[in-house]
file entry25.cif (mmCIF, C-alpha atoms)
data_run
#
loop_
_atom_site.label_atom_id
_atom_site.label_comp_id
_atom_site.auth_asym_id
_atom_site.auth_seq_id
_atom_site.Cartn_x
_atom_site.Cartn_y
_atom_site.Cartn_z
CA MET Q 16 57.54 6.22 7.73
CA SER Q 17 54.71 5.34 10.10
CA ASN Q 18 52.79 8.30 8.71
CA THR Q 19 52.61 6.89 5.16
CA LYS Q 20 51.53 3.52 6.49
CA GLU Q 21 48.72 5.10 8.46
CA ILE Q 22 47.47 6.90 5.38
CA ARG Q 23 47.71 3.68 3.37
CA THR Q 24 45.43 1.80 5.80
CA LYS Q 25 43.03 4.73 5.89
CA ILE Q 26 42.74 4.66 2.10
CA THR Q 27 42.12 0.92 2.08
CA SER Q 28 39.38 1.22 4.68
CA ILE Q 29 37.66 4.02 2.78
CA GLU Q 30 37.89 2.00 -0.41
CA SER Q 31 36.07 -0.91 1.18
CA THR Q 32 33.42 1.44 2.54
CA GLN Q 33 33.04 2.86 -0.93
CA LYS Q 34 32.48 -0.62 -2.29
CA ILE Q 35 29.69 -1.19 0.22
CA THR Q 36 27.95 2.10 -0.48
CA LYS Q 37 28.22 1.49 -4.19
CA ALA Q 38 26.57 -1.91 -3.79
CA MET Q 39 23.85 -0.43 -1.59
CA GLU Q 40 23.20 2.21 -4.19
CA MET Q 41 22.65 -0.38 -6.88
CA VAL Q 42 20.45 -2.53 -4.65
CA ALA Q 43 18.34 0.50 -3.74
CA ALA Q 44 18.01 1.43 -7.42
CA SER Q 45 16.56 -1.95 -8.33
CA LYS Q 46 14.33 -2.01 -5.26
CA MET Q 47 13.09 1.45 -6.09
CA ARG Q 48 11.90 0.27 -9.49
CA LYS Q 49 9.98 -2.55 -7.82
CA ALA Q 50 8.50 -0.25 -5.21
CA GLN Q 51 7.38 2.16 -7.90
CA GLN Q 52 5.66 -0.65 -9.75
CA PHE Q 53 3.86 -1.67 -6.58
CA MET Q 54 2.80 1.89 -6.07
CA LYS Q 55 1.42 2.19 -9.58
CA LYS Q 56 -0.40 -1.14 -9.52
CA SER Q 57 -2.23 -0.47 -6.31
CA ARG Q 58 -3.07 3.05 -7.34
CA SER Q 59 -5.84 1.75 -9.59
CA TYR Q 60 -7.68 0.29 -6.60
CA ALA Q 61 -7.29 3.54 -4.72
CA ASP Q 62 -8.58 5.48 -7.74
CA CYS Q 63 -11.55 3.18 -8.24
CA ILE Q 64 -12.67 3.26 -4.64
CA ARG Q 65 -12.14 7.00 -4.49
CA ASN Q 66 -14.40 7.33 -7.48
CA ILE Q 67 -17.11 5.18 -5.94
CA VAL Q 68 -17.00 6.99 -2.62
CA GLY Q 69 -17.18 10.24 -4.57
CA HIS Q 70 -20.31 9.00 -6.33
CA LEU Q 71 -21.75 7.91 -3.03
CA ALA Q 72 -21.31 11.36 -1.55
CA LEU Q 73 -23.20 12.80 -4.52
CA ALA Q 74 -25.94 10.21 -4.39
CA SER Q 75 -29.05 11.43 -2.70
CA THR Q 76 -29.04 9.00 0.15
CA SER Q 77 -30.42 10.28 3.41
CA TYR Q 78 -28.07 8.14 5.43
CA GLN Q 79 -25.11 9.98 6.93
CA HIS Q 80 -22.25 7.78 8.02
CA ILE Q 81 -20.26 8.60 11.15
CA TYR Q 82 -17.12 8.96 9.01
CA MET Q 83 -18.72 11.85 7.19
CA GLN Q 84 -19.80 13.84 10.21
CA SER Q 85 -17.40 16.32 11.69
CA ARG Q 86 -17.45 17.11 15.36
CA PRO Q 87 -15.55 19.47 17.66
CA VAL Q 88 -11.91 18.45 17.91
CA LYS Q 89 -10.59 17.56 21.31
CA ARG Q 90 -8.29 14.73 20.43
CA ILE Q 91 -6.56 13.90 17.20
CA GLY Q 92 -5.43 10.58 15.80
CA LEU Q 93 -2.30 10.57 13.73
CA ILE Q 94 -0.78 7.83 11.65
CA VAL Q 95 2.93 8.27 11.03
CA VAL Q 96 4.49 6.29 8.21
CA SER Q 97 8.23 5.82 8.39
CA THR Q 98 10.85 3.41 7.16
CA ASP Q 99 12.01 0.32 8.97
CA ARG Q 100 15.66 0.89 8.24
CA GLY Q 101 18.04 3.79 8.30
CA LEU Q 102 20.70 4.95 5.84
CA CYS Q 103 18.16 6.70 3.69
CA GLY Q 104 19.34 10.27 4.04
CA GLY Q 105 17.13 12.71 5.82
CA LEU Q 106 13.88 11.05 4.86
CA ASN Q 107 12.62 10.18 8.33
CA THR Q 108 14.17 13.21 9.98
CA ASN Q 109 12.38 15.48 7.53
CA THR Q 110 9.08 13.77 8.21
CA PHE Q 111 9.49 14.05 11.97
CA LYS Q 112 10.57 17.68 11.75
CA TYR Q 113 7.58 18.46 9.58
CA LEU Q 114 5.36 16.65 12.04
CA LEU Q 115 6.78 18.34 15.12
CA LYS Q 116 5.55 21.71 13.89
CA PHE Q 117 2.00 20.39 13.84
CA LEU Q 118 2.40 18.65 17.17
CA GLN Q 119 3.63 21.92 18.67
CA ALA Q 120 0.65 23.81 17.26
CA TRP Q 121 -1.75 21.20 18.57
CA ARG Q 122 -0.15 21.24 21.98
CA GLU Q 123 -0.58 25.00 22.15
CA ALA Q 124 -4.21 24.59 21.20
CA ASP Q 125 -4.60 22.05 24.00
CA THR Q 126 -5.46 19.24 21.63
CA GLU Q 127 -4.19 15.85 22.58
CA VAL Q 128 -2.73 13.51 20.01
CA ASP Q 129 -2.90 9.74 19.77
CA LEU Q 130 -0.30 8.23 17.51
CA CYS Q 131 -0.14 5.17 15.36
CA THR Q 132 3.30 4.39 14.03
CA LEU Q 133 4.00 2.32 10.95
CA GLY Q 134 7.65 1.42 10.60
CA TYR Q 135 10.46 0.95 13.09
CA LYS Q 136 11.91 4.44 12.95
CA ALA Q 137 8.72 6.23 13.91
CA ASP Q 138 8.16 3.71 16.68
CA VAL Q 139 11.56 4.45 18.21
CA PHE Q 140 11.20 8.20 17.78
CA PHE Q 141 7.74 8.63 19.23
CA LYS Q 142 7.91 5.99 21.93
CA LYS Q 143 9.72 8.44 24.19
CA TRP Q 144 7.20 11.20 24.34
CA GLY Q 145 4.21 10.49 22.15
CA ASN Q 146 1.07 8.69 23.13
CA VAL Q 147 1.38 5.69 20.82
CA ILE Q 148 -1.76 3.54 20.77
CA ALA Q 149 -0.90 1.31 17.83
CA SER Q 150 2.24 0.41 15.98
CA LYS Q 151 3.41 -1.92 13.29
CA LYS Q 152 7.03 -2.64 12.54
CA HIS Q 153 8.95 -4.63 9.95
CA LEU Q 154 6.61 -4.34 7.02
CA GLY Q 155 9.10 -5.75 4.56
CA GLU Q 156 9.52 -4.77 0.96
CA ALA Q 157 6.15 -5.96 -0.28
CA PRO Q 158 3.72 -5.07 2.48
CA SER Q 159 0.23 -6.47 2.18
CA VAL Q 160 -2.92 -4.83 3.44
CA ASN Q 161 -3.31 -7.63 5.95
CA ASP Q 162 -0.23 -6.41 7.78
CA LEU Q 163 -1.77 -3.00 8.25
CA ILE Q 164 -5.35 -3.92 9.06
CA GLY Q 165 -4.70 -4.42 12.79
CA ALA Q 166 -3.24 -0.97 13.30
CA ILE Q 167 -5.88 0.66 11.10
CA LYS Q 168 -8.63 -1.06 13.04
CA VAL Q 169 -7.37 0.41 16.32
CA MET Q 170 -7.53 3.92 14.89
CA LEU Q 171 -10.92 3.45 13.27
CA SER Q 172 -12.51 2.06 16.39
CA ALA Q 173 -10.98 4.92 18.37
CA TYR Q 174 -12.75 7.26 15.97
CA GLU Q 175 -16.01 5.36 16.16
CA SER Q 176 -16.01 5.42 19.94
CA SER Q 177 -15.27 9.17 19.85
CA ASP Q 178 -11.89 8.76 21.49
CA ILE Q 179 -10.44 10.74 18.63
CA ASP Q 180 -12.28 13.32 16.57
CA GLN Q 181 -10.03 13.54 13.54
CA LEU Q 182 -7.61 11.20 11.87
CA TYR Q 183 -4.57 12.29 9.91
CA ILE Q 184 -1.82 10.46 8.14
CA VAL Q 185 1.73 11.69 7.56
CA TYR Q 186 3.94 10.13 4.94
CA ASN Q 187 6.43 10.96 2.23
CA CYS Q 188 4.98 11.70 -1.15
CA PHE Q 189 7.01 10.35 -4.03
CA ILE Q 190 7.48 13.16 -6.53
CA ASN Q 191 10.54 11.87 -8.34
CA THR Q 192 13.78 10.12 -7.54
CA MET Q 193 15.44 13.27 -6.25
CA THR Q 194 12.46 14.78 -4.46
CA GLN Q 195 10.36 13.36 -1.68
CA LYS Q 196 8.10 15.54 0.33
CA PRO Q 197 6.42 14.83 3.66
CA ILE Q 198 2.72 15.57 3.52
CA MET Q 199 -0.19 15.34 5.89
CA LYS Q 200 -3.61 14.19 4.79
CA GLN Q 201 -6.88 14.18 6.60
CA LEU Q 202 -8.52 10.77 6.57
CA LEU Q 203 -11.44 11.27 8.92
CA PRO Q 204 -13.93 12.83 8.77
CA LEU Q 205 -13.92 12.31 5.04
CA GLU Q 206 -13.25 15.37 3.00
CA PRO Q 207 -15.54 15.87 0.04
CA ILE Q 208 -14.14 14.18 -3.04
CA GLU Q 209 -14.30 15.80 -6.41
CA SER Q 210 -15.85 13.48 -8.92
CA ASP Q 211 -17.53 13.57 -12.26
CA ALA Q 212 -21.17 14.55 -12.04
CA LEU Q 213 -23.68 11.86 -12.88
CA GLY Q 214 -26.79 13.83 -13.54
CA GLN Q 215 -29.01 15.72 -11.21
CA TYR Q 216 -30.97 13.31 -9.16
CA TRP Q 217 -30.04 9.75 -8.91
CA ASP Q 218 -29.16 7.05 -6.49
CA TYR Q 219 -27.87 3.55 -6.46
CA ILE Q 220 -29.88 0.49 -5.73
CA TYR Q 221 -28.27 -0.83 -2.61
CA GLU Q 222 -28.01 -4.49 -1.90
CA PRO Q 223 -28.52 -5.28 0.92
CA SER Q 224 -28.74 -1.90 2.68
CA PRO Q 225 -26.93 1.43 2.36
CA GLU Q 226 -25.81 1.32 5.99
CA SER Q 227 -23.88 -1.91 5.88
CA LEU Q 228 -22.54 -1.26 2.38
CA LEU Q 229 -21.35 2.21 3.21
CA ASN Q 230 -19.68 1.03 6.38
CA GLY Q 231 -17.70 -1.65 4.59
CA LEU Q 232 -16.83 0.55 1.65
CA LEU Q 233 -15.61 3.45 3.73
CA VAL Q 234 -13.41 1.19 5.84
CA ARG Q 235 -11.97 -0.21 2.61
CA TYR Q 236 -11.47 3.32 1.37
CA ILE Q 237 -9.49 4.35 4.43
CA GLU Q 238 -7.48 1.15 4.25
CA SER Q 239 -6.62 1.72 0.63
CA GLN Q 240 -5.54 5.28 1.35
CA ILE Q 241 -3.26 4.14 4.14
CA TYR Q 242 -1.91 1.28 2.07
CA GLN Q 243 -1.19 3.69 -0.74
CA ALA Q 244 0.62 5.97 1.69
CA VAL Q 245 2.77 3.10 2.90
CA LEU Q 246 3.69 2.12 -0.65
CA ASP Q 247 4.47 5.72 -1.52
CA ASN Q 248 6.68 5.96 1.50
CA GLN Q 249 8.45 2.78 0.53
CA ALA Q 250 9.25 4.08 -2.94
CA CYS Q 251 10.53 7.25 -1.26
CA GLU Q 252 12.71 5.21 1.07
CA GLN Q 253 14.44 3.40 -1.76
CA ALA Q 254 14.87 6.58 -3.78
CA ALA Q 255 16.27 8.45 -0.80
CA ARG Q 256 18.61 5.59 0.01
CA MET Q 257 19.82 5.47 -3.54
CA VAL Q 258 20.60 9.19 -3.55
CA ALA Q 259 22.20 9.05 -0.11
CA MET Q 260 24.39 6.11 -1.09
CA LYS Q 261 25.36 7.77 -4.34
CA SER Q 262 26.58 10.86 -2.54
CA ALA Q 263 28.34 8.67 0.02
CA THR Q 264 30.15 6.89 -2.79
CA ASP Q 265 31.11 10.19 -4.37
CA ASN Q 266 32.32 11.56 -1.06
CA ALA Q 267 34.41 8.47 -0.47
CA GLY Q 268 35.96 8.96 -3.91
CA SER Q 269 37.01 12.53 -3.25
CA LEU Q 270 38.27 11.56 0.19
CA ILE Q 271 40.43 8.88 -1.37
CA ASP Q 272 41.80 11.39 -3.90
CA ASP Q 273 42.74 13.80 -1.14
CA LEU Q 274 44.36 11.09 0.94
CA GLN Q 275 46.25 9.80 -2.07
CA LEU Q 276 47.73 13.25 -2.56
CA ILE Q 277 48.74 13.50 1.08
CA TYR Q 278 50.18 10.01 0.91
CA ASN Q 279 52.29 10.87 -2.13
CA LYS Q 280 53.55 14.03 -0.50
CA ALA Q 281 54.45 12.18 2.69
CA ARG Q 282 56.25 9.53 0.71
CA GLN Q 283 58.16 12.15 -1.25
CA ALA Q 284 59.07 13.97 1.94
CA ALA Q 285 60.34 10.75 3.50
CA ILE Q 286 62.56 10.02 0.49
CA THR Q 287 63.90 13.56 0.36
CA GLN Q 288 64.66 13.41 4.05
CA GLU Q 289 66.49 10.13 3.67
CA ILE Q 290 68.58 11.44 0.80
CA SER Q 291 69.49 14.60 2.63
CA GLU Q 292 70.43 12.50 5.65
CA ILE Q 293 72.70 10.31 3.52
CA VAL Q 294 74.22 13.33 1.82
CA GLY Q 295 74.70 15.03 5.18
CA GLY Q 296 76.24 11.86 6.59
CA ALA Q 297 78.59 11.48 3.58
CA SER Q 298 79.82 15.04 3.77
CA ALA Q 299 80.45 14.68 7.47
CA VAL Q 300 82.78 11.71 6.92
CA MET M 3 -22.73 -3.60 -39.00
CA MET M 4 -23.90 -2.07 -35.76
CA MET M 5 -21.46 -1.79 -32.91
CA MET M 6 -22.08 -4.27 -30.19
CA PRO M 7 -23.27 -2.53 -27.02
CA SER M 8 -20.62 -2.76 -24.38
CA PHE M 9 -19.53 -1.40 -21.05
CA LYS M 10 -16.19 -0.74 -19.40
CA CYS M 11 -15.13 -3.06 -16.65
CA TYR M 12 -12.34 -2.88 -14.10
CA ILE M 13 -11.42 -5.70 -11.77
CA VAL M 14 -8.95 -4.46 -9.20
CA SER M 15 -7.55 -5.80 -5.97
CA PHE M 16 -5.44 -3.95 -3.42
CA GLU M 17 -2.26 -5.22 -5.00
CA GLU M 18 -2.95 -5.09 -8.70
CA ILE M 19 -5.32 -4.51 -11.56
CA LEU M 20 -6.51 -7.86 -12.91
CA PHE M 21 -8.66 -6.86 -15.79
CA SER M 22 -9.75 -3.77 -17.60
CA GLY M 23 -11.56 -3.64 -20.89
CA GLU M 24 -14.80 -3.54 -22.81
CA LEU M 25 -17.32 -6.23 -21.94
CA ALA M 26 -20.50 -7.48 -23.51
CA TRP M 27 -21.63 -9.37 -20.47
CA LEU M 28 -20.57 -10.09 -16.90
CA SER M 29 -21.84 -12.31 -14.15
CA VAL M 30 -20.90 -11.98 -10.47
CA ILE M 31 -22.25 -13.48 -7.27
CA GLY M 32 -23.66 -10.76 -5.04
CA THR M 33 -25.06 -11.05 -1.54
CA GLN M 34 -28.55 -11.52 -2.95
CA GLY M 35 -27.58 -14.06 -5.56
CA GLU M 36 -25.99 -14.12 -8.96
CA ILE M 37 -26.12 -10.89 -10.95
CA GLY M 38 -25.92 -10.86 -14.73
CA ILE M 39 -24.91 -7.51 -16.11
CA TYR M 40 -25.51 -6.23 -19.62
CA PRO M 41 -24.78 -2.75 -20.92
CA GLY M 42 -27.18 -0.12 -19.59
CA HIS M 43 -27.73 -1.70 -16.21
CA THR M 44 -29.26 0.55 -13.58
CA PRO M 45 -26.82 1.96 -10.97
CA LEU M 46 -26.28 -0.59 -8.26
CA LEU M 47 -23.93 -1.01 -5.37
CA THR M 48 -23.51 -4.33 -3.68
CA GLU M 49 -21.19 -6.60 -1.78
CA ILE M 50 -19.70 -9.61 -3.52
CA CYS M 51 -19.79 -13.14 -2.15
CA PRO M 52 -16.91 -15.52 -2.72
CA GLY M 53 -17.29 -17.06 -6.14
CA PRO M 54 -16.50 -16.80 -9.80
CA ALA M 55 -16.79 -13.71 -11.95
CA HIS M 56 -17.58 -14.81 -15.47
CA LEU M 57 -17.18 -12.33 -18.26
CA LYS M 58 -17.36 -12.05 -21.99
CA THR M 59 -15.43 -9.40 -23.84
CA THR M 60 -16.58 -7.63 -26.98
CA ASP M 61 -14.36 -9.92 -29.05
CA HIS M 62 -16.23 -12.98 -27.73
CA GLU M 63 -13.53 -14.07 -25.40
CA GLU M 64 -14.69 -15.60 -22.14
CA LYS M 65 -12.77 -15.31 -18.92
CA ILE M 66 -13.29 -16.45 -15.37
CA PHE M 67 -11.87 -14.89 -12.24
CA TYR M 68 -12.17 -15.96 -8.67
CA LEU M 69 -13.20 -13.29 -6.15
CA SER M 70 -13.03 -13.87 -2.41
CA GLY M 71 -15.32 -10.94 -1.70
CA GLY M 72 -15.39 -7.22 -2.12
CA TYR M 73 -17.62 -4.59 -3.66
CA LEU M 74 -19.28 -4.08 -6.96
CA GLU M 75 -20.38 -0.80 -8.46
CA ILE M 76 -22.54 -0.81 -11.55
CA LEU M 77 -23.16 2.26 -13.65
CA PRO M 78 -24.87 2.10 -17.03
CA ARG M 79 -21.59 2.22 -18.96
CA GLU M 80 -19.09 1.19 -16.35
CA VAL M 81 -18.62 -1.56 -13.82
CA LYS M 82 -16.02 -1.63 -11.10
CA ILE M 83 -15.16 -4.65 -9.03
CA LEU M 84 -13.17 -3.96 -5.91
CA ALA M 85 -11.98 -7.40 -4.92
CA ASP M 86 -10.45 -8.29 -1.58
CA THR M 87 -8.44 -10.99 -3.25
CA ALA M 88 -8.85 -11.99 -6.83
CA LEU M 89 -7.27 -14.73 -8.89
CA ARG M 90 -7.33 -15.59 -12.52
CA ALA M 91 -9.02 -18.97 -12.85
CA ASP M 92 -5.87 -20.36 -14.48
CA ASP M 93 -3.89 -19.63 -11.35
CA ILE M 94 -6.09 -21.63 -9.02
CA ASP M 95 -4.65 -24.88 -7.81
CA GLU M 96 -7.50 -27.38 -7.86
CA ARG M 97 -5.93 -29.93 -5.58
CA ARG M 98 -5.08 -27.37 -2.93
CA ALA M 99 -8.62 -26.00 -3.04
CA GLU M 100 -10.02 -29.49 -2.56
CA GLU M 101 -7.68 -30.12 0.36
CA ALA M 102 -8.64 -26.84 1.97
CA ARG M 103 -12.31 -27.74 1.68
CA HIS M 104 -11.79 -31.15 3.25
CA ALA M 105 -9.78 -29.69 6.09
CA ALA M 106 -12.42 -27.07 6.81
CA GLU M 107 -15.23 -29.63 6.68
CA LYS M 108 -13.39 -31.96 9.00
CA GLN M 109 -12.86 -29.19 11.48
CA LEU M 110 -16.51 -28.23 11.40
CA LEU M 111 -17.63 -31.80 12.00
CA SER M 112 -15.20 -32.51 14.80
CA LYS M 113 -16.81 -31.99 18.18
CA GLN M 114 -14.15 -29.70 19.57
CA ASP M 115 -15.48 -26.65 21.34
CA GLN M 116 -12.50 -24.47 20.73
CA VAL M 117 -12.98 -24.48 16.97
CA ASN M 118 -13.62 -20.98 15.78
CA TYR M 119 -16.87 -21.67 13.99
CA ALA M 120 -17.15 -18.43 12.06
CA GLN M 121 -13.60 -18.61 10.76
CA VAL M 122 -13.88 -22.20 9.63
CA ALA M 123 -17.23 -21.50 7.98
CA THR M 124 -15.62 -18.67 6.02
CA GLU M 125 -12.74 -20.91 5.00
CA LEU M 126 -15.15 -23.56 3.87
CA ALA M 127 -17.20 -21.09 1.87
CA GLU M 128 -14.08 -19.77 0.18
CA ALA M 129 -12.78 -23.21 -0.69
CA ALA M 130 -16.17 -24.21 -2.06
CA ALA M 131 -16.31 -21.04 -4.11
CA LEU M 132 -12.86 -21.76 -5.49
CA LEU M 133 -13.95 -25.22 -6.57
CA HIS M 134 -17.11 -23.79 -8.06
CA THR M 135 -14.96 -21.42 -10.10
CA ILE M 136 -12.82 -24.28 -11.34
CA ARG M 137 -15.82 -26.37 -12.30
CA ARG M 138 -17.32 -23.50 -14.17
CA LYS M 139 -14.08 -22.98 -16.00
CA ASN M 140 -13.83 -26.63 -16.95
CA ARG M 141 -17.36 -26.53 -18.27
CA MET M 142 -16.53 -23.50 -20.34
CA LYS M 143 -13.59 -25.29 -21.91
CA LYS M 144 -15.76 -28.10 -23.21
CA PHE M 145 -17.81 -25.86 -25.46
#

call {"tool": "encode", "arguments": {"input": "entry25.cif", "output": "structure tokens"}}
result
Amino acid sequence: MSNTKEIRTKITSIESTQKITKAMEMVAASKMRKAQQFMKKSRSYADCIRNIVGHLALASTSYQHIYMQSRPVKRIGLIVVSTDRGLCGGLNTNTFKYLLKFLQAWREADTEVDLCTLGYKADVFFKKWGNVIASKKHLGEAPSVNDLIGAIKVMLSAYESSDIDQLYIVYNCFINTMTQKPIMKQLLPLEPIESDALGQYWDYIYEPSPESLLNGLLVRYIESQIYQAVLDNQACEQAARMVAMKSATDNAGSLIDDLQLIYNKARQAAITQEISEIVGGASAV
Amino acid sequence: MMMMPSFKCYIVSFEEILFSGELAWLSVIGTQGEIGIYPGHTPLLTEICPGPAHLKTTDHEEKIFYLSGGYLEILPREVKILADTALRADDIDERRAEEARHAAEKQLLSKQDQVNYAQVATELAEAAALLHTIRRKNRMKKF
């Protein structure tokens, strides 16, 4: 009899787990919609500034900003975007795995790597063996640029003082609800941006001077790219969590079905045994 | 009837897109003073100072936004405003702006050494710009 009772409690505990995962799935679904909206809204800024920087690169200014000059690579800066919380499937693990390949290649090429981690998970993962020079945790569900500026500043000044010679960012690109893909983008030096041609020879009037304008604009550009990456990653997080929780709920369901079957069989067996005992006892009398 | 000359305008901040549409006229405060923009303006790139952005759409609707700073790109048929923070004038709380200005002024005048002068000066400039935006809006309403 103890066997059936054990199965009973097991089923109840799985049922309550199922309730939790179901709730988490629904929460993630609604958060994902919000995150996607955020992503779309801020994309217009990123597009606009991308366009302007593209125009700038075409403009016939003689001034070359430090962000546009490439130099021999001895040390690389890397910004890793991760989630703050777990239970989102293999999202972070995939990113780190993807990243480790690059880190391996760089190590073999004797290039050192300075890391900047955004999000708790990356911080925990890379603290052990990476050279983390900046980190930001607990960004919340609606991160603002102000939260990121500190960490970005550290990386940019490292680039300006030639401590690092290239800057990359790794994050998850939101393709659709089912698919998220880790990608790596080069931030510095700036890669040439494709943009619509504006005639052969032309230039802006700069107020006050191209140097100071360019400096501010390019910093903004990098910031917007990183911000966009963080928002993308956030949408990915919610999508991945939703999918993970959905499969957890489904798994719990099939587990309950299996257990129910075993429970019924055990119950049946117990009854049969009891009857046969009674019958055996009666015939013995 | 001839079509009214117009240009495209986008006002965007990091978080959202505040305005996009066809404009007949736009005025923004740049580092070198107020800039009035009509269609066919020569390409210009400048920084924006805190203050109002006043615009008139092709259907004669006037709007005012508050910009705390950012960048402005002008092309003959397109203008982009990349604002650090932007607000619709309707969303500005006048009383709070006034309070912020008073607080900043008080801090500037107090003889404490540890006051971060640059920061307070920025705060003051922003609060003043906010109030300027509100006044401009109120004036617009009267017409």

call {"tool": "residues_around", "arguments": {"input": "entry25.cif", "residues": "Lys56 in chain Q", "least_positions_apart": "5", "cutoff": "7 Å", "atoms": "all atoms listed in the file", "output": "list in words"}}
result
Glu17, Glu18 and Ile19 of chain M

call {"tool": "atom_distance", "arguments": {"input": "entry25.cif", "atom1": "CA of Gly69 in chain Q", "atom2": "CA of Ala157 in chain Q"}}
result
28.7 Å

call {"tool": "atom_distance", "arguments": {"input": "entry25.cif", "atom1": "CA of Ala85 in chain M", "atom2": "CA of Gly231 in chain Q"}}
result
12.5 Å

call {"tool": "closest_atom_pairs", "arguments": {"input": "entry25.cif", "of": "chain M", "to": "chain Q", "cutoff": "7 Å", "atoms": "all atoms listed in the file", "output": "JSON lines"}}
result
{"residue": "M:Val14", "atom": "CA", "partner": "Q:Tyr60", "partner_atom": "CA", "distance": 5.6}
{"residue": "M:Ser15", "atom": "CA", "partner": "Q:Tyr60", "partner_atom": "CA", "distance": 6.1}
{"residue": "M:Phe16", "atom": "CA", "partner": "Q:Ser57", "partner_atom": "CA", "distance": 5.5}
{"residue": "M:Glu17", "atom": "CA", "partner": "Q:Ser57", "partner_atom": "CA", "distance": 4.9}
{"residue": "M:Glu18", "atom": "CA", "partner": "Q:Lys56", "partner_atom": "CA", "distance": 4.8}
{"residue": "M:Ile19", "atom": "CA", "partner": "Q:Lys56", "partner_atom": "CA", "distance": 6.3}
{"residue": "M:Pro45", "atom": "CA", "partner": "Q:Tyr219", "partner_atom": "CA", "distance": 4.9}
{"residue": "M:Leu46", "atom": "CA", "partner": "Q:Ile220", "partner_atom": "CA", "distance": 4.5}
{"residue": "M:Leu47", "atom": "CA", "partner": "Q:Tyr221", "partner_atom": "CA", "distance": 5.1}
{"residue": "M:Thr48", "atom": "CA", "partner": "Q:Glu222", "partner_atom": "CA", "distance": 4.8}
{"residue": "M:Glu49", "atom": "CA", "partner": "Q:Leu228", "partner_atom": "CA", "distance": 6.9}
{"residue": "M:Leu84", "atom": "CA", "partner": "Q:Tyr60", "partner_atom": "CA", "distance": 7.0}

call {"tool": "write_last_selection", "arguments": {"input": "entry25.cif", "atoms": "C-alpha atoms", "output": "PDB file, keeping the file's coordinate frame"}}
result
ATOM      1  CA  VAL M  14      -8.950  -4.460  -9.200  1.00  0.00           C
ATOM      2  CA  SER M  15      -7.550  -5.800  -5.970  1.00  0.00           C
ATOM      3  CA  PHE M  16      -5.440  -3.950  -3.420  1.00  0.00           C
ATOM      4  CA  GLU M  17      -2.260  -5.220  -5.000  1.00  0.00           C
ATOM      5  CA  GLU M  18      -2.950  -5.090  -8.700  1.00  0.00           C
ATOM      6  CA  ILE M  19      -5.320  -4.510 -11.560  1.00  0.00           C
ATOM      7  CA  PRO M  45     -26.820   1.960 -10.970  1.00  0.00           C
ATOM      8  CA  LEU M  46     -26.280  -0.590  -8.260  1.00  0.00           C
ATOM      9  CA  LEU M  47     -23.930  -1.010  -5.370  1.00  0.00           C
ATOM     10  CA  THR M  48     -23.510  -4.330  -3.680  1.00  0.00           C
ATOM     11  CA  GLU M  49     -21.190  -6.600  -1.780  1.00  0.00           C
ATOM     12  CA  LEU M  84     -13.170  -3.960  -5.910  1.00  0.00           C
TER      13      LEU M  84
END

call {"tool": "resolve_selection", "arguments": {"input": "entry25.cif", "expression": "the PyMOL selection byres ((chain Q and resi 254) around 12)", "output": "NGL selection string"}}
result
:Q and (39-51 or 102-106 or 187-196 or 247-253 or 255-261)

call {"tool": "write_last_selection", "arguments": {"input": "entry25.cif", "atoms": "C-alpha atoms", "output": "tab-separated table (two decimals), in the coordinates of the input"}}
result
chain	number	residue	atom	x	y	z
Q	39	MET	CA	23.85	-0.43	-1.59
Q	40	GLU	CA	23.20	2.21	-4.19
Q	41	MET	CA	22.65	-0.38	-6.88
Q	42	VAL	CA	20.45	-2.53	-4.65
Q	43	ALA	CA	18.34	0.50	-3.74
Q	44	ALA	CA	18.01	1.43	-7.42
Q	45	SER	CA	16.56	-1.95	-8.33
Q	46	LYS	CA	14.33	-2.01	-5.26
Q	47	MET	CA	13.09	1.45	-6.09
Q	48	ARG	CA	11.90	0.27	-9.49
Q	49	LYS	CA	9.98	-2.55	-7.82
Q	50	ALA	CA	8.50	-0.25	-5.21
Q	51	GLN	CA	7.38	2.16	-7.90
Q	102	LEU	CA	20.70	4.95	5.84
Q	103	CYS	CA	18.16	6.70	3.69
Q	104	GLY	CA	19.34	10.27	4.04
Q	105	GLY	CA	17.13	12.71	5.82
Q	106	LEU	CA	13.88	11.05	4.86
Q	187	ASN	CA	6.43	10.96	2.23
Q	188	CYS	CA	4.98	11.70	-1.15
Q	189	PHE	CA	7.01	10.35	-4.03
Q	190	ILE	CA	7.48	13.16	-6.53
Q	191	ASN	CA	10.54	11.87	-8.34
Q	192	THR	CA	13.78	10.12	-7.54
Q	193	MET	CA	15.44	13.27	-6.25
Q	194	THR	CA	12.46	14.78	-4.46
Q	195	GLN	CA	10.36	13.36	-1.68
Q	196	LYS	CA	8.10	15.54	0.33
Q	247	ASP	CA	4.47	5.72	-1.52
Q	248	ASN	CA	6.68	5.96	1.50
Q	249	GLN	CA	8.45	2.78	0.53
Q	250	ALA	CA	9.25	4.08	-2.94
Q	251	CYS	CA	10.53	7.25	-1.26
Q	252	GLU	CA	12.71	5.21	1.07
Q	253	GLN	CA	14.44	3.40	-1.76
Q	255	ALA	CA	16.27	8.45	-0.80
Q	256	ARG	CA	18.61	5.59	0.01
Q	257	MET	CA	19.82	5.47	-3.54
Q	258	VAL	CA	20.60	9.19	-3.55
Q	259	ALA	CA	22.20	9.05	-0.11
Q	260	MET	CA	24.39	6.11	-1.09
Q	261	LYS	CA	25.36	7.77	-4.34

call {"tool": "resolve_selection", "arguments": {"input": "entry25.cif", "expression": "the PyMOL selection byres ((chain Q and resi 118-128) around 6)", "output": "ChimeraX atom specification"}}
result
/Q:89-92,115-117,129
